[in-house]
Structures are given as C-alpha cells and as structure tokens.
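Reading through the structure tokens given below for one structure.
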Amino acid sequence: MSRIGKNPVSISQGVDVNIKDNVITVKGKLGELTQTISKGITVTIEDGIITLDRASESKDHKAQHGLMRALINNMIEGVSKGWTKDLELVGVGYRASNQGQIMDLSLGYSHNIMLEVPAEVKVETEMKKGQNPLITLSSHDKQLVGSIAAKIRSFRKPEPYKGKGVRFVGAQIRR
C-alpha cells in the first residue's frame with residue numbers, strides 16, 4: 001500500500017497543478033479535474049515533481065497515501081493524454097448507435113435501451129458487417145469513463161455458455 005505513495009509524480013508538459021485549501025486542481029489541454037486531499041497527507045510541488053508524505057505509519061494513512069498518489073497520477077495523465085474504454089456487443093441482433101450523447105442499445109430485450117452519456121465523455125459507435133458492434137468511450141476523467149462503461153456492461157453481462165453480452169475488448173470469458 002505505502003510503496004506506491006512513495007513514488008514521485010512527474011507533471012507533463014502543458015499541465016498546471018495548483019493546491020489550495022486541501023483541494024488539488026489539475027488543468028490540461030483536455031480539461032480540468034479537482035480532488036480533495038485526504039487528512040494526514042501533505043502534497044508538495046517542486047520543479048515539476050509532486051511528492052506526497054503521510055502523517056503517521058498507521059494502516060489508514062498508508063492506504064490513503066497510495067490512493068492519493070494514484071488519483072493525482074491518473075488526473076495528470078487524463079488531462080494530458082485522456083482515457084478510453086472499448087466495449088464490444090457479442091450476440092445475434094445486438095446493436096449500438098448514438099445520436100450525440102444519447103446511446104441507443106439493442107441487447108435482445110423487448111425494447112431498446114436509451115442511455116444519456118455525460119457531456120465530458122465522447123461516445124463513438126462502430127458497426128461493421130461480419131464483426132461485433134464496438135462502443136468507444138473517451139474522456140479526461142478515468143472514474144467517469146469506467147463508471148459509464150460498467151453501466152453499459154451491466155445491461156447485459158457476458159454469460160458463460162456462449163459468451164453473449166456486452167464485454168470489454170480483450171476480456172476473457174470463462175466458459
């Protein structure tokens with residue numbers, strides 16, 4: 001837990017990091033993210049490198065130390081490069097399309113599922129003949145992309161017999 005927190009975080013080119021009143025703000029070319037820093041963790045910025053220190057060696061402080069370091073690193077990487085998740089729909093008649101930020105999913109139910117995606121997430125759907133439909137989600141916020149992808153997957157999880165359902169690209173389904 002604590003070994004991750006000891007690693008310094010380097011700030012990429014074009015990324016601004018500010019700390020004010022236990023809130024860290026990261027701005028970059030793709031957007032802006034903020035995160036509240038946990039109690040017992042101190043963050044210092046020197047020469048483009050962020051270091052985190054904990055107040056004590058308690059188990060809670062060690063866990064928060066690693067968590068805060070990982071969150072800050074993900075924020076910096078998100079505003080500079082961005083995060084993407086790819087989902088594929090495996091099954092006969094499964095389709096996906098989008099009109100702006102509204103997704104229309106046909107997953108074998110008696111009705112289509114309409115899902116409104118937040119404006120921060122860019123949605124792309126791709127349907128090619130002879131291949132499974134693909135959904136690509138991209139944003140600067142890793143948590144938001146992951147939660148939207150999990151929400152889409154929860155509509156029809158992959159089943160173990162034929163592997164039909166919504167799954168992440170590259171995921172292994174145990175049959």
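The chains in the structure tokens are called A, B, ... from first to last as shown; in each chain the residues are counted from 1, and the ligands are counted from 1 in the order shown.
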
Please return as a PyMOL selection string: the residues of chain A that backbone DSSP assigns to strand (DSSP E or B). chain A and resi 9-10+16-20+23-27+32-36+41-46+49-54+83-90+95-99+102-106+113-116+122-126+134-139+165-168

I need the residues from that last selection saved to file as a PDB file, in the first residue's frame (with C-alpha atoms), if you can.
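The resulting file, again.pdb, is shown below:
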ATOM      1  CA  VAL A   9       4.582  12.022  -9.813  1.00  0.00           C
ATOM      2  CA  SER A  10       6.070  13.994 -12.700  1.00  0.00           C
ATOM      3  CA  ASP A  16      -0.904  23.113 -14.482  1.00  0.00           C
ATOM      4  CA  VAL A  17      -1.246  21.812 -10.923  1.00  0.00           C
ATOM      5  CA  ASN A  18      -2.490  24.029  -8.060  1.00  0.00           C
ATOM      6  CA  ILE A  19      -3.096  23.191  -4.402  1.00  0.00           C
ATOM      7  CA  LYS A  20      -5.399  25.390  -2.318  1.00  0.00           C
ATOM      8  CA  VAL A  23      -8.003  20.679  -2.920  1.00  0.00           C
ATOM      9  CA  ILE A  24      -5.730  19.854  -5.841  1.00  0.00           C
ATOM     10  CA  THR A  25      -6.682  21.199  -9.282  1.00  0.00           C
ATOM     11  CA  VAL A  26      -5.139  19.845 -12.480  1.00  0.00           C
ATOM     12  CA  LYS A  27      -5.637  21.698 -15.787  1.00  0.00           C
ATOM     13  CA  GLU A  32      -9.797  20.291 -15.669  1.00  0.00           C
ATOM     14  CA  LEU A  33     -10.104  17.942 -12.686  1.00  0.00           C
ATOM     15  CA  THR A  34     -10.235  18.564  -8.931  1.00  0.00           C
ATOM     16  CA  GLN A  35      -9.723  16.225  -5.987  1.00  0.00           C
ATOM     17  CA  THR A  36      -9.911  16.741  -2.224  1.00  0.00           C
ATOM     18  CA  ILE A  41      -1.487  13.545   3.567  1.00  0.00           C
ATOM     19  CA  THR A  42       0.662  16.512   2.567  1.00  0.00           C
ATOM     20  CA  VAL A  43       1.340  17.296  -1.089  1.00  0.00           C
ATOM     21  CA  THR A  44       4.340  19.342  -2.247  1.00  0.00           C
ATOM     22  CA  ILE A  45       5.246  20.532  -5.744  1.00  0.00           C
ATOM     23  CA  GLU A  46       8.908  21.211  -6.582  1.00  0.00           C
ATOM     24  CA  ILE A  49       7.550  16.809  -9.455  1.00  0.00           C
ATOM     25  CA  ILE A  50       4.790  16.095  -6.951  1.00  0.00           C
ATOM     26  CA  THR A  51       5.676  14.249  -3.751  1.00  0.00           C
ATOM     27  CA  LEU A  52       3.269  13.016  -1.096  1.00  0.00           C
ATOM     28  CA  ASP A  53       4.022  12.470   2.589  1.00  0.00           C
ATOM     29  CA  ARG A  54       1.887  10.876   5.276  1.00  0.00           C
ATOM     30  CA  TRP A  83      -8.596   7.657 -21.105  1.00  0.00           C
ATOM     31  CA  THR A  84     -10.503   5.284 -23.380  1.00  0.00           C
ATOM     32  CA  LYS A  85     -12.562   2.128 -22.837  1.00  0.00           C
ATOM     33  CA  ASP A  86     -13.701  -0.159 -25.652  1.00  0.00           C
ATOM     34  CA  LEU A  87     -16.748  -2.416 -25.344  1.00  0.00           C
ATOM     35  CA  GLU A  88     -17.998  -4.997 -27.819  1.00  0.00           C
ATOM     36  CA  LEU A  89     -21.501  -6.398 -28.140  1.00  0.00           C
ATOM     37  CA  VAL A  90     -21.439 -10.157 -28.706  1.00  0.00           C
ATOM     38  CA  ARG A  95     -26.703  -3.226 -31.992  1.00  0.00           C
ATOM     39  CA  ALA A  96     -25.470   0.135 -30.753  1.00  0.00           C
ATOM     40  CA  SER A  97     -25.854   3.610 -32.187  1.00  0.00           C
ATOM     41  CA  ASN A  98     -25.593   7.123 -30.859  1.00  0.00           C
ATOM     42  CA  GLN A  99     -27.165  10.476 -31.636  1.00  0.00           C
ATOM     43  CA  ILE A 102     -27.708   9.626 -26.369  1.00  0.00           C
ATOM     44  CA  MET A 103     -26.921   5.956 -26.953  1.00  0.00           C
ATOM     45  CA  ASP A 104     -29.455   3.516 -28.376  1.00  0.00           C
ATOM     46  CA  LEU A 105     -28.644  -0.075 -27.378  1.00  0.00           C
ATOM     47  CA  SER A 106     -30.470  -3.106 -28.751  1.00  0.00           C
ATOM     48  CA  ILE A 113     -32.216   0.895 -24.024  1.00  0.00           C
ATOM     49  CA  MET A 114     -31.671   4.650 -24.282  1.00  0.00           C
ATOM     50  CA  LEU A 115     -28.723   5.931 -22.226  1.00  0.00           C
ATOM     51  CA  GLU A 116     -27.739   9.567 -21.902  1.00  0.00           C
ATOM     52  CA  LYS A 122     -17.062  11.271 -26.025  1.00  0.00           C
ATOM     53  CA  VAL A 123     -19.011   8.319 -27.461  1.00  0.00           C
ATOM     54  CA  GLU A 124     -18.290   6.533 -30.747  1.00  0.00           C
ATOM     55  CA  THR A 125     -20.156   3.503 -32.055  1.00  0.00           C
ATOM     56  CA  GLU A 126     -18.911   1.389 -34.924  1.00  0.00           C
ATOM     57  CA  LEU A 134     -17.971  -1.638 -30.889  1.00  0.00           C
ATOM     58  CA  ILE A 135     -18.524   1.202 -28.423  1.00  0.00           C
ATOM     59  CA  THR A 136     -15.604   3.509 -27.641  1.00  0.00           C
ATOM     60  CA  LEU A 137     -15.795   5.837 -24.639  1.00  0.00           C
ATOM     61  CA  SER A 138     -13.120   8.505 -24.130  1.00  0.00           C
ATOM     62  CA  SER A 139     -12.670  11.322 -21.623  1.00  0.00           C
ATOM     63  CA  GLY A 165     -23.407  -9.960 -23.831  1.00  0.00           C
ATOM     64  CA  VAL A 166     -21.514  -6.686 -23.504  1.00  0.00           C
ATOM     65  CA  ARG A 167     -17.846  -7.124 -22.673  1.00  0.00           C
ATOM     66  CA  PHE A 168     -14.650  -5.136 -22.583  1.00  0.00           C
TER      67      PHE A 168
END

Quick one: DSSP helix (DSSP H, G or I) residues in stretch 38-149 of chain A, as a PyMOL selection string? chain A and resi 59-80+142-149

Residues from last step as file, N, CA, C and O atoms, as a CSV table (one decimal), in the first residue's frame:
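out_23.csv, freshly written:
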chain,number,residue,atom,x,y,z
A,59,LYS,N,-2.3,2.2,9.4
A,59,LYS,CA,-2.7,1.5,8.2
A,59,LYS,C,-3.6,2.4,7.3
A,59,LYS,O,-3.5,2.4,6.1
A,60,ASP,N,-4.4,3.2,7.9
A,60,ASP,CA,-5.3,4.1,7.2
A,60,ASP,C,-4.5,5.2,6.4
A,60,ASP,O,-4.7,5.4,5.3
A,61,HIS,N,-3.5,5.7,7.1
A,61,HIS,CA,-2.6,6.7,6.4
A,61,HIS,C,-1.8,6.1,5.3
A,61,HIS,O,-1.6,6.8,4.2
A,62,LYS,N,-1.4,4.9,5.5
A,62,LYS,CA,-0.7,4.2,4.4
A,62,LYS,C,-1.6,4.0,3.2
A,62,LYS,O,-1.2,4.2,2.0
A,63,ALA,N,-2.8,3.6,3.4
A,63,ALA,CA,-3.7,3.3,2.3
A,63,ALA,C,-4.1,4.6,1.6
A,63,ALA,O,-4.1,4.7,0.4
A,64,GLN,N,-4.3,5.7,2.4
A,64,GLN,CA,-4.7,7.0,1.8
A,64,GLN,C,-3.5,7.6,1.0
A,64,GLN,O,-3.7,8.2,0.0
A,65,HIS,N,-2.3,7.3,1.5
A,65,HIS,CA,-1.1,7.7,0.8
A,65,HIS,C,-1.0,7.2,-0.6
A,65,HIS,O,-0.8,7.9,-1.6
A,66,GLY,N,-1.1,5.9,-0.8
A,66,GLY,CA,-1.1,5.3,-2.1
A,66,GLY,C,-2.3,5.7,-3.0
A,66,GLY,O,-2.1,5.9,-4.2
A,67,LEU,N,-3.5,5.8,-2.3
A,67,LEU,CA,-4.7,6.2,-3.1
A,67,LEU,C,-4.5,7.6,-3.7
A,67,LEU,O,-4.8,7.8,-4.8
A,68,MET,N,-4.1,8.5,-2.8
A,68,MET,CA,-3.9,9.9,-3.3
A,68,MET,C,-2.9,10.0,-4.4
A,68,MET,O,-3.1,10.8,-5.4
A,69,ARG,N,-1.8,9.3,-4.3
A,69,ARG,CA,-0.8,9.3,-5.3
A,69,ARG,C,-1.3,8.8,-6.6
A,69,ARG,O,-1.1,9.3,-7.7
A,70,ALA,N,-2.1,7.7,-6.6
A,70,ALA,CA,-2.7,7.1,-7.8
A,70,ALA,C,-3.7,8.0,-8.4
A,70,ALA,O,-3.7,8.2,-9.6
A,71,LEU,N,-4.5,8.7,-7.6
A,71,LEU,CA,-5.6,9.6,-8.1
A,71,LEU,C,-4.9,10.8,-8.8
A,71,LEU,O,-5.4,11.2,-9.9
A,72,ILE,N,-3.9,11.3,-8.2
A,72,ILE,CA,-3.2,12.5,-8.8
A,72,ILE,C,-2.5,12.1,-10.1
A,72,ILE,O,-2.6,12.9,-11.1
A,73,ASN,N,-1.9,11.0,-10.1
A,73,ASN,CA,-1.2,10.5,-11.3
A,73,ASN,C,-2.3,10.3,-12.4
A,73,ASN,O,-2.0,10.7,-13.6
A,74,ASN,N,-3.4,9.7,-12.1
A,74,ASN,CA,-4.5,9.5,-13.1
A,74,ASN,C,-5.0,10.8,-13.6
A,74,ASN,O,-5.4,10.9,-14.8
A,75,MET,N,-5.1,11.8,-12.7
A,75,MET,CA,-5.6,13.1,-13.2
A,75,MET,C,-4.7,13.8,-14.1
A,75,MET,O,-5.1,14.3,-15.2
A,76,ILE,N,-3.4,13.7,-13.9
A,76,ILE,CA,-2.4,14.3,-14.7
A,76,ILE,C,-2.4,13.6,-16.1
A,76,ILE,O,-2.3,14.2,-17.1
A,77,GLU,N,-2.4,12.3,-16.1
A,77,GLU,CA,-2.4,11.5,-17.3
A,77,GLU,C,-3.7,11.8,-18.1
A,77,GLU,O,-3.7,11.8,-19.3
A,78,GLY,N,-4.8,11.9,-17.4
A,78,GLY,CA,-6.1,12.1,-18.1
A,78,GLY,C,-6.2,13.5,-18.8
A,78,GLY,O,-6.7,13.5,-19.9
A,79,VAL,N,-5.7,14.6,-18.2
A,79,VAL,CA,-5.8,15.9,-18.8
A,79,VAL,C,-4.8,16.1,-19.9
A,79,VAL,O,-4.9,17.0,-20.7
A,80,SER,N,-3.7,15.2,-19.9
A,80,SER,CA,-2.7,15.3,-21.0
A,80,SER,C,-3.0,14.3,-22.1
A,80,SER,O,-2.9,14.7,-23.3
A,142,LYS,N,-10.9,9.4,-15.6
A,142,LYS,CA,-10.9,7.9,-15.6
A,142,LYS,C,-12.0,7.3,-14.9
A,142,LYS,O,-12.6,6.3,-15.3
A,143,GLN,N,-12.4,7.9,-13.7
A,143,GLN,CA,-13.5,7.4,-13.0
A,143,GLN,C,-14.8,7.4,-13.8
A,143,GLN,O,-15.6,6.5,-13.7
A,144,LEU,N,-15.1,8.5,-14.5
A,144,LEU,CA,-16.3,8.7,-15.2
A,144,LEU,C,-16.4,7.7,-16.4
A,144,LEU,O,-17.4,7.1,-16.6
A,145,VAL,N,-15.3,7.5,-17.1
A,145,VAL,CA,-15.2,6.5,-18.2
A,145,VAL,C,-15.5,5.1,-17.7
A,145,VAL,O,-16.3,4.4,-18.3
A,146,GLY,N,-14.9,4.8,-16.6
A,146,GLY,CA,-15.1,3.4,-16.0
A,146,GLY,C,-16.5,3.2,-15.5
A,146,GLY,O,-17.0,2.1,-15.7
A,147,SER,N,-17.1,4.2,-14.9
A,147,SER,CA,-18.5,4.0,-14.4
A,147,SER,C,-19.5,3.9,-15.6
A,147,SER,O,-20.4,3.1,-15.5
A,148,ILE,N,-19.3,4.7,-16.6
A,148,ILE,CA,-20.2,4.6,-17.8
A,148,ILE,C,-20.1,3.3,-18.5
A,148,ILE,O,-21.0,2.6,-18.8
A,149,ALA,N,-18.8,2.8,-18.6
A,149,ALA,CA,-18.6,1.5,-19.2
A,149,ALA,C,-19.2,0.4,-18.4
A,149,ALA,O,-19.8,-0.5,-18.9

Spatial neighbours of stretch 172-174 of chain A, max dist 10 Å, only C-alpha atoms, sep filter under 3 positions, as a list of chain:residue names: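 Listing them by chain and then by number gives A:Pro158, A:Glu159, A:Pro160, A:Tyr161, A:Lys162, A:Gly163, A:Lys164, A:Arg167, A:Phe168, A:Val169.
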
Export of the given selection (all heavy atoms) as a short mmCIF file (atom, residue, chain, number, x, y, z; two decimals), in the first residue's frame:
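Produced file selection.cif, reproduced below:
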data_model
loop_
_atom_site.label_atom_id
_atom_site.label_comp_id
_atom_site.auth_asym_id
_atom_site.auth_seq_id
_atom_site.Cartn_x
_atom_site.Cartn_y
_atom_site.Cartn_z
N PRO A 158 -21.77 -10.61 -19.90
CA PRO A 158 -21.47 -11.81 -20.68
C PRO A 158 -21.84 -13.07 -19.90
O PRO A 158 -21.52 -13.20 -18.72
CB PRO A 158 -19.95 -11.74 -20.87
CG PRO A 158 -19.57 -10.35 -20.58
CD PRO A 158 -20.58 -9.80 -19.65
N GLU A 159 -22.53 -13.97 -20.57
CA GLU A 159 -22.92 -15.21 -19.91
C GLU A 159 -21.89 -16.29 -20.23
O GLU A 159 -21.22 -16.24 -21.26
CB GLU A 159 -24.35 -15.59 -20.34
CG GLU A 159 -24.60 -15.58 -21.82
CD GLU A 159 -24.48 -16.97 -22.41
OE1 GLU A 159 -24.38 -17.95 -21.68
OE2 GLU A 159 -24.48 -17.05 -23.64
N PRO A 160 -21.75 -17.31 -19.37
CA PRO A 160 -20.64 -18.26 -19.50
C PRO A 160 -20.84 -19.35 -20.54
O PRO A 160 -19.90 -20.08 -20.83
CB PRO A 160 -20.54 -18.87 -18.10
CG PRO A 160 -21.91 -18.76 -17.54
CD PRO A 160 -22.48 -17.50 -18.11
N TYR A 161 -22.02 -19.49 -21.13
CA TYR A 161 -22.26 -20.61 -22.04
C TYR A 161 -21.86 -20.30 -23.47
O TYR A 161 -21.11 -21.04 -24.09
CB TYR A 161 -23.72 -21.05 -21.95
CG TYR A 161 -24.08 -21.48 -20.56
CD1 TYR A 161 -24.85 -20.67 -19.75
CD2 TYR A 161 -23.60 -22.67 -20.03
CE1 TYR A 161 -25.16 -21.05 -18.46
CE2 TYR A 161 -23.90 -23.06 -18.75
CZ TYR A 161 -24.67 -22.24 -17.96
OH TYR A 161 -24.97 -22.62 -16.69
N LYS A 162 -22.36 -19.22 -24.02
CA LYS A 162 -22.00 -18.83 -25.39
C LYS A 162 -21.16 -17.57 -25.42
O LYS A 162 -20.66 -17.17 -26.46
CB LYS A 162 -23.26 -18.61 -26.22
CG LYS A 162 -24.04 -19.87 -26.51
CD LYS A 162 -25.20 -19.56 -27.41
CE LYS A 162 -25.98 -20.83 -27.74
NZ LYS A 162 -27.11 -20.53 -28.62
N GLY A 163 -21.01 -16.89 -24.28
CA GLY A 163 -20.23 -15.66 -24.22
C GLY A 163 -20.97 -14.44 -24.73
O GLY A 163 -20.35 -13.43 -25.03
N LYS A 164 -22.30 -14.54 -24.84
CA LYS A 164 -23.08 -13.41 -25.35
C LYS A 164 -23.22 -12.33 -24.29
O LYS A 164 -23.31 -12.63 -23.11
CB LYS A 164 -24.47 -13.88 -25.78
CG LYS A 164 -24.45 -14.78 -26.98
CD LYS A 164 -25.77 -15.40 -27.37
CE LYS A 164 -27.01 -14.76 -26.88
NZ LYS A 164 -28.22 -15.33 -27.44
N ARG A 167 -19.10 -6.89 -23.38
CA ARG A 167 -17.85 -7.12 -22.67
C ARG A 167 -16.79 -6.14 -23.11
O ARG A 167 -16.87 -5.54 -24.17
CB ARG A 167 -17.36 -8.56 -22.87
CG ARG A 167 -16.97 -8.89 -24.29
CD ARG A 167 -16.39 -10.28 -24.35
NE ARG A 167 -16.33 -10.76 -25.71
CZ ARG A 167 -16.14 -12.01 -26.04
NH1 ARG A 167 -16.01 -12.90 -25.11
NH2 ARG A 167 -16.09 -12.35 -27.30
N PHE A 168 -15.78 -5.99 -22.26
CA PHE A 168 -14.65 -5.14 -22.58
C PHE A 168 -13.81 -5.83 -23.65
O PHE A 168 -13.66 -7.05 -23.64
CB PHE A 168 -13.79 -4.86 -21.34
CG PHE A 168 -14.53 -4.10 -20.27
CD1 PHE A 168 -14.83 -4.70 -19.06
CD2 PHE A 168 -14.93 -2.81 -20.47
CE1 PHE A 168 -15.51 -4.00 -18.08
CE2 PHE A 168 -15.61 -2.10 -19.50
CZ PHE A 168 -15.89 -2.70 -18.30
N VAL A 169 -13.26 -5.05 -24.57
CA VAL A 169 -12.43 -5.63 -25.64
C VAL A 169 -11.19 -6.24 -25.00
O VAL A 169 -10.51 -5.61 -24.19
CB VAL A 169 -12.05 -4.55 -26.67
CG1 VAL A 169 -11.03 -5.08 -27.65
CG2 VAL A 169 -13.28 -4.06 -27.41
#

Polymer residues at most 12 Å from A:Gly93, only C-alpha atoms, same-chain spacing of 5 or more positions, as an mmCIF file with all heavy atoms, in the first residue's frame:
data_model
loop_
_atom_site.group_PDB
_atom_site.id
_atom_site.type_symbol
_atom_site.label_atom_id
_atom_site.label_comp_id
_atom_site.auth_asym_id
_atom_site.auth_seq_id
_atom_site.Cartn_x
_atom_site.Cartn_y
_atom_site.Cartn_z
ATOM 1 N N LEU A 105 -29.176 1.284 -27.456
ATOM 2 C CA LEU A 105 -28.644 -0.075 -27.378
ATOM 3 C C LEU A 105 -29.758 -1.079 -27.589
ATOM 4 O O LEU A 105 -30.795 -1.027 -26.927
ATOM 5 C CB LEU A 105 -28.003 -0.317 -26.009
ATOM 6 C CG LEU A 105 -26.834 0.591 -25.630
ATOM 7 C CD1 LEU A 105 -26.487 0.408 -24.165
ATOM 8 C CD2 LEU A 105 -25.634 0.287 -26.494
ATOM 9 N N SER A 106 -29.545 -2.007 -28.521
ATOM 10 C CA SER A 106 -30.470 -3.106 -28.751
ATOM 11 C C SER A 106 -29.773 -4.375 -28.289
ATOM 12 O O SER A 106 -28.861 -4.872 -28.962
ATOM 13 C CB SER A 106 -30.817 -3.185 -30.233
ATOM 14 O OG SER A 106 -31.636 -4.299 -30.473
ATOM 15 N N LEU A 107 -30.180 -4.893 -27.122
ATOM 16 C CA LEU A 107 -29.468 -6.006 -26.492
ATOM 17 C C LEU A 107 -30.338 -7.239 -26.290
ATOM 18 O O LEU A 107 -30.119 -8.024 -25.375
ATOM 19 C CB LEU A 107 -28.895 -5.556 -25.146
ATOM 20 C CG LEU A 107 -27.883 -4.414 -25.213
ATOM 21 C CD1 LEU A 107 -27.493 -3.967 -23.820
ATOM 22 C CD2 LEU A 107 -26.658 -4.831 -25.997
ATOM 23 N N GLY A 108 -31.344 -7.414 -27.149
ATOM 24 C CA GLY A 108 -32.151 -8.614 -27.084
ATOM 25 C C GLY A 108 -33.353 -8.517 -26.172
ATOM 26 O O GLY A 108 -34.048 -9.511 -25.972
ATOM 27 N N TYR A 109 -33.620 -7.365 -25.605
ATOM 28 C CA TYR A 109 -34.821 -7.183 -24.805
ATOM 29 C C TYR A 109 -35.967 -6.783 -25.716
ATOM 30 O O TYR A 109 -35.785 -6.521 -26.897
ATOM 31 C CB TYR A 109 -34.597 -6.102 -23.733
ATOM 32 C CG TYR A 109 -33.561 -6.477 -22.699
ATOM 33 C CD1 TYR A 109 -32.375 -5.772 -22.604
ATOM 34 C CD2 TYR A 109 -33.770 -7.530 -21.817
ATOM 35 C CE1 TYR A 109 -31.414 -6.101 -21.655
ATOM 36 C CE2 TYR A 109 -32.828 -7.876 -20.873
ATOM 37 C CZ TYR A 109 -31.652 -7.154 -20.800
ATOM 38 O OH TYR A 109 -30.716 -7.495 -19.868
ATOM 39 N N ASN A 112 -35.554 -1.132 -26.807
ATOM 40 C CA ASN A 112 -34.199 -0.610 -26.872
ATOM 41 C C ASN A 112 -33.898 0.171 -25.596
ATOM 42 O O ASN A 112 -34.779 0.778 -24.996
ATOM 43 C CB ASN A 112 -34.022 0.317 -28.086
ATOM 44 C CG ASN A 112 -33.987 -0.452 -29.385
ATOM 45 O OD1 ASN A 112 -34.042 -1.681 -29.394
ATOM 46 N ND2 ASN A 112 -33.904 0.264 -30.469
ATOM 47 N N MET A 127 -20.203 -0.062 -36.333
ATOM 48 C CA MET A 127 -20.805 -1.326 -36.728
ATOM 49 C C MET A 127 -20.300 -1.684 -38.115
ATOM 50 O O MET A 127 -20.539 -0.960 -39.072
ATOM 51 C CB MET A 127 -22.331 -1.233 -36.708
ATOM 52 C CG MET A 127 -22.873 -1.053 -35.323
ATOM 53 S SD MET A 127 -24.624 -1.308 -35.076
ATOM 54 C CE MET A 127 -25.099 -2.525 -36.213
ATOM 55 N N LYS A 129 -19.995 -4.924 -41.013
ATOM 56 C CA LYS A 129 -20.629 -6.178 -41.387
ATOM 57 C C LYS A 129 -19.688 -7.337 -41.063
ATOM 58 O O LYS A 129 -18.514 -7.316 -41.415
ATOM 59 C CB LYS A 129 -20.965 -6.167 -42.873
ATOM 60 C CG LYS A 129 -21.824 -7.315 -43.296
ATOM 61 C CD LYS A 129 -22.317 -7.169 -44.704
ATOM 62 C CE LYS A 129 -23.246 -8.300 -45.043
ATOM 63 N NZ LYS A 129 -23.806 -8.172 -46.375
ATOM 64 N N GLY A 130 -20.225 -8.354 -40.409
ATOM 65 C CA GLY A 130 -19.452 -9.542 -40.068
ATOM 66 C C GLY A 130 -18.642 -9.409 -38.790
ATOM 67 O O GLY A 130 -17.940 -10.333 -38.408
ATOM 68 N N GLN A 131 -18.714 -8.262 -38.117
ATOM 69 C CA GLN A 131 -17.982 -8.065 -36.866
ATOM 70 C C GLN A 131 -18.941 -7.612 -35.777
ATOM 71 O O GLN A 131 -20.026 -7.106 -36.054
ATOM 72 C CB GLN A 131 -16.879 -7.023 -37.045
ATOM 73 C CG GLN A 131 -15.775 -7.460 -37.970
ATOM 74 C CD GLN A 131 -14.693 -6.394 -38.070
ATOM 75 O OE1 GLN A 131 -14.832 -5.297 -37.545
ATOM 76 N NE2 GLN A 131 -13.626 -6.725 -38.757
ATOM 77 N N ASN A 132 -18.517 -7.782 -34.531
ATOM 78 C CA ASN A 132 -19.326 -7.343 -33.401
ATOM 79 C C ASN A 132 -19.338 -5.813 -33.335
ATOM 80 O O ASN A 132 -18.320 -5.172 -33.600
ATOM 81 C CB ASN A 132 -18.759 -7.894 -32.091
ATOM 82 C CG ASN A 132 -18.875 -9.398 -32.010
ATOM 83 O OD1 ASN A 132 -19.799 -9.980 -32.566
ATOM 84 N ND2 ASN A 132 -17.943 -10.023 -31.320
ATOM 85 N N PRO A 133 -20.470 -5.216 -32.965
ATOM 86 C CA PRO A 133 -20.511 -3.758 -32.790
ATOM 87 C C PRO A 133 -19.567 -3.310 -31.675
ATOM 88 O O PRO A 133 -19.429 -4.000 -30.657
ATOM 89 C CB PRO A 133 -21.958 -3.477 -32.409
ATOM 90 C CG PRO A 133 -22.717 -4.663 -32.854
ATOM 91 C CD PRO A 133 -21.787 -5.815 -32.785
ATOM 92 N N LYS A 164 -22.302 -14.538 -24.842
ATOM 93 C CA LYS A 164 -23.082 -13.408 -25.352
ATOM 94 C C LYS A 164 -23.219 -12.330 -24.287
ATOM 95 O O LYS A 164 -23.306 -12.627 -23.105
ATOM 96 C CB LYS A 164 -24.473 -13.883 -25.777
ATOM 97 C CG LYS A 164 -24.453 -14.778 -26.976
ATOM 98 C CD LYS A 164 -25.766 -15.398 -27.372
ATOM 99 C CE LYS A 164 -27.005 -14.757 -26.883
ATOM 100 N NZ LYS A 164 -28.224 -15.334 -27.444
ATOM 101 N N GLY A 165 -23.220 -11.079 -24.734
ATOM 102 C CA GLY A 165 -23.407 -9.960 -23.831
ATOM 103 C C GLY A 165 -22.476 -8.809 -24.196
ATOM 104 O O GLY A 165 -21.851 -8.801 -25.257
#
